[in-house]
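Heads up: the structure comes next, in structure tokens.
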There are 2 protein chains.
Amino acid sequence: METYSVLRDLCIIIVFGKAFGILARKLRAPQVVGEIIAGLVIGPCVLGIVQQTDFLSVMAEIGVILLMFSAGLETSIQDLKRTGIIAFLIACAGVLVPLIGGTLLYEAFYGFSPWGSENFLKAMMIGCIMTATSVSITVRALQELGHLKGIVGTTIMSAAIIDDVIGIIVLTVVLGFKDPSANIGRTCLMTVLFFVLALVLGYAIFRIFKAFDEHYLHTRRVPILGLALCMFMAYVAEHYFGVADITGAYLAGIILSSIKDADYIAEKMDINSYMLFGPIFFASIGLKTDITGLTPAILIFCVCFVLVAMVTKIIGCGLMARVFHFHWNESLKIGIGMMTRGEVALIVAQKGLAVGLLDSTYFTAVILLIVCSSILTPVLLKLLYARYPDNTEHLEGRYSNEPAQQNT
Amino acid sequence: METYSVLRDLCIIIVFGKAFGILARKLRAPQVVGEIIAGLVIGPCVLGIVQQTDFLSVMAEIGVILLMFSAGLETSIQDLKRTGIIAFLIACAGVLVPLIGGTLLYEAFYGFSPWGSENFLKAMMIGCIMTATSVSITVRALQELGHLKGIVGTTIMSAAIIDDVIGIIVLTVVLGFKDPSANIGRTCLMTVLFFVLALVLGYAIFRIFKAFDEHYLHTRRVPILGLALCMFMAYVAEHYFGVADITGAYLAGIILSSIKDADYIAEKMDINSYMLFGPIFFASIGLKTDITGLTPAILIFCVCFVLVAMVTKIIGCGLMARVFHFHWNESLKIGIGMMTRGEVALIVAQKGLAVGLLDSTYFTAVILLIVCSSILTPVLLKLLYARYPDNTEHLEGRYSNEPAQQNT
């Protein structure tokens, strides 16, 4: 492989990614949509000036791992505890309903298959893609509206974070089933073992990094060793437990999320991400998207996929919120707030592609889902908040032990 | 290629690189020495737990390109103009004497060869490695002594910057000769053409980025587009002009060195460098270092190489400084200040290895040179400044048109 042809590819990816990213933002869409479209444009679909290479694939995988590590770092264990059980149950409903909805959708289109068969796993993979809410897009939407810190906002945030974790566990289990040598029991056992190890080892590592807080705050060694931990956990997860490498990276992030330098590490990771690895990852999604196989039947599937993904999330989260005494309008806000999909859906889809449980044709559906949900959520939330301003006094006391902290 | 074995390699490189880097600093050696030793330790020489792969090679090459881009960004065109012709001539002498010294050394060991022959080019490659002073190590040494801004300090800095440029031009010419299809005239013509293009295109690009200063100061797009420019120049240099890609990256840095956001770009590049690409680059030097072929004869060559490289630099720079009315002790300070070698020597050596003009055995000599010069320079400068404090009144007026600015 000629090194300088890599330079050419990288230059094109960076320039197109940034240009389309800026364009997307001008059209009020998330920048990530622009970066994916850039990949579509420079890839085989349109211009064909960049080909997917081994090098780009590995870089994209590292990009995903860095993204998940960042997501883990930004997870606030404090917030998770504070919003507690309600957010957890909303997240569960928000994972379960789309998972079932996606699975049924696939089976409705391509026939029902018995539990555990290849086709059933493919159906579940479609469900898996629908599970994870995109935290970043949700945060941006709520920040713009100034409702990130209210009870509804905090619940959405916590539930979005928890549903990432549940979504990844579900993905891990589904991916584990794909391995022919593994049986269901062994997969579950290995997954549980990995999480137990991560908990024990994670606590030890957390104590070591915590000790760094005293002497090495804001020194280079903290983010560097953090990155090493991310690589280590990703490797151990995949190599020794058959758990997805992104799960390991995400847990590495959570382990370090409570040290003083967590933001500092996240900032350094973000720079690595947005400069090079992020654009490569998002562009490589576009590079992989295959529209030559896009028949009218698949197109209809795509449209149904988007509708099912959005509606099941609203129903799952909204109904569960209603059960816990949120008003109808608040429940709707929570449901719509949870509707956005983003990087994680792509990551799950890429994993599915890598293990052969997803055809690259369906990337179009995922991209369509991200574009639609990312544009619709901020618009709908804005309308809802304009029509029904925040009035959550009826929830105080019921919702949290520390109501005084809600508005900080 | 399994992605997760890449994660394992990266984790090992990061952890060992950082550990040995910290160890090196504790022993008052530059951190880069530790990172190289880390590569030696984990590579085939000692532990053999990481193998050089295609992926790591490309990452290392990108690492070099980022380093050279950073070096270009930190170049102050203002400083270059201010210290002017004297620093330029000192730099010329500081390139020419080691170049001749290195060439003669190789020929003394392995026999004289006619001009333009393969062996003559190999001899010149040894000379090339000796040419470039390491700006970063020089800066660090002078900063620690508090003499970075004096006349002697400024002259060393300017000369070190200029000798990088001259050294790279010499390298470019030598590498051009290696290409069998090229003749000397064509190589020189293409090199000149590239520099002319870089000047014209560079000015246009500079104006565009200058316009960004108004509206987009400290926005992400500036470093991202800067990185794209770096990749673009590196690619164009290598692909269309047969000029080394690092030359293109370095010029891209110089083009952007005068925009307001130059430091901002450099900061973002440094994060990319020190987190991942830098450690991979320095470790890959260690991974490539081959001591199995280290015979006593080569060992003697290594020792001579180090002595010649240090002495020729002191003689070349010191004598030229003396010609321009610096005192003997000041001339010696300049000569010793210019003696440090670092990344650039490794970069040149790696280029030589890539085109087959250098045997990997000689990396040992380069590493020895970096270690010796990096340790000796600060020590000798400290002794000299203690014995002969700065007294450069005799140079005022002679040395610069703007003496008032000298002590700012």
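So you can find residues: chains in the structure tokens are A, B, ... in the order shown, residues in each start at 1, and ligands are numbered from 1 in order.
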Task: Backbone-only DSSP, helix (DSSP H, G or I) members of range 85-332 of chain B, as number ranges by chain - done: B: 85-110, 118-131, 135-145, 151-178, 184-215, 221-241, 245-256, 262-288, 296-323, 328-332
- [ ] Find the residues in chain B near chain A: any atom within 7 Å counts, using only C-alpha atoms. Write them as a count of residues only.
- [x] 19
- [ ] Give me the residues within 10 Å of range 198-205 of chain B as number ranges by chain, counting only C-alpha atoms and dropping any in the same chain fewer than 2 places off.
- [x] B: 192-196, 207-211, 229, 233, 237, 248, 251-252, 254-256
- [ ] Rank nothing, just name the residue among B:Glu35, B:Glu107, B:Asp390, B:Asp270 nearest to Met125 in chain B, using only C-alpha atoms.
- [x] B:Glu107
Open item on the list: As an exercise, work out the distance from CA of Leu353 in chain A to CA of Gly34 in chain A in Å and give it to one decimal place.
Closed with: 21.8 Å
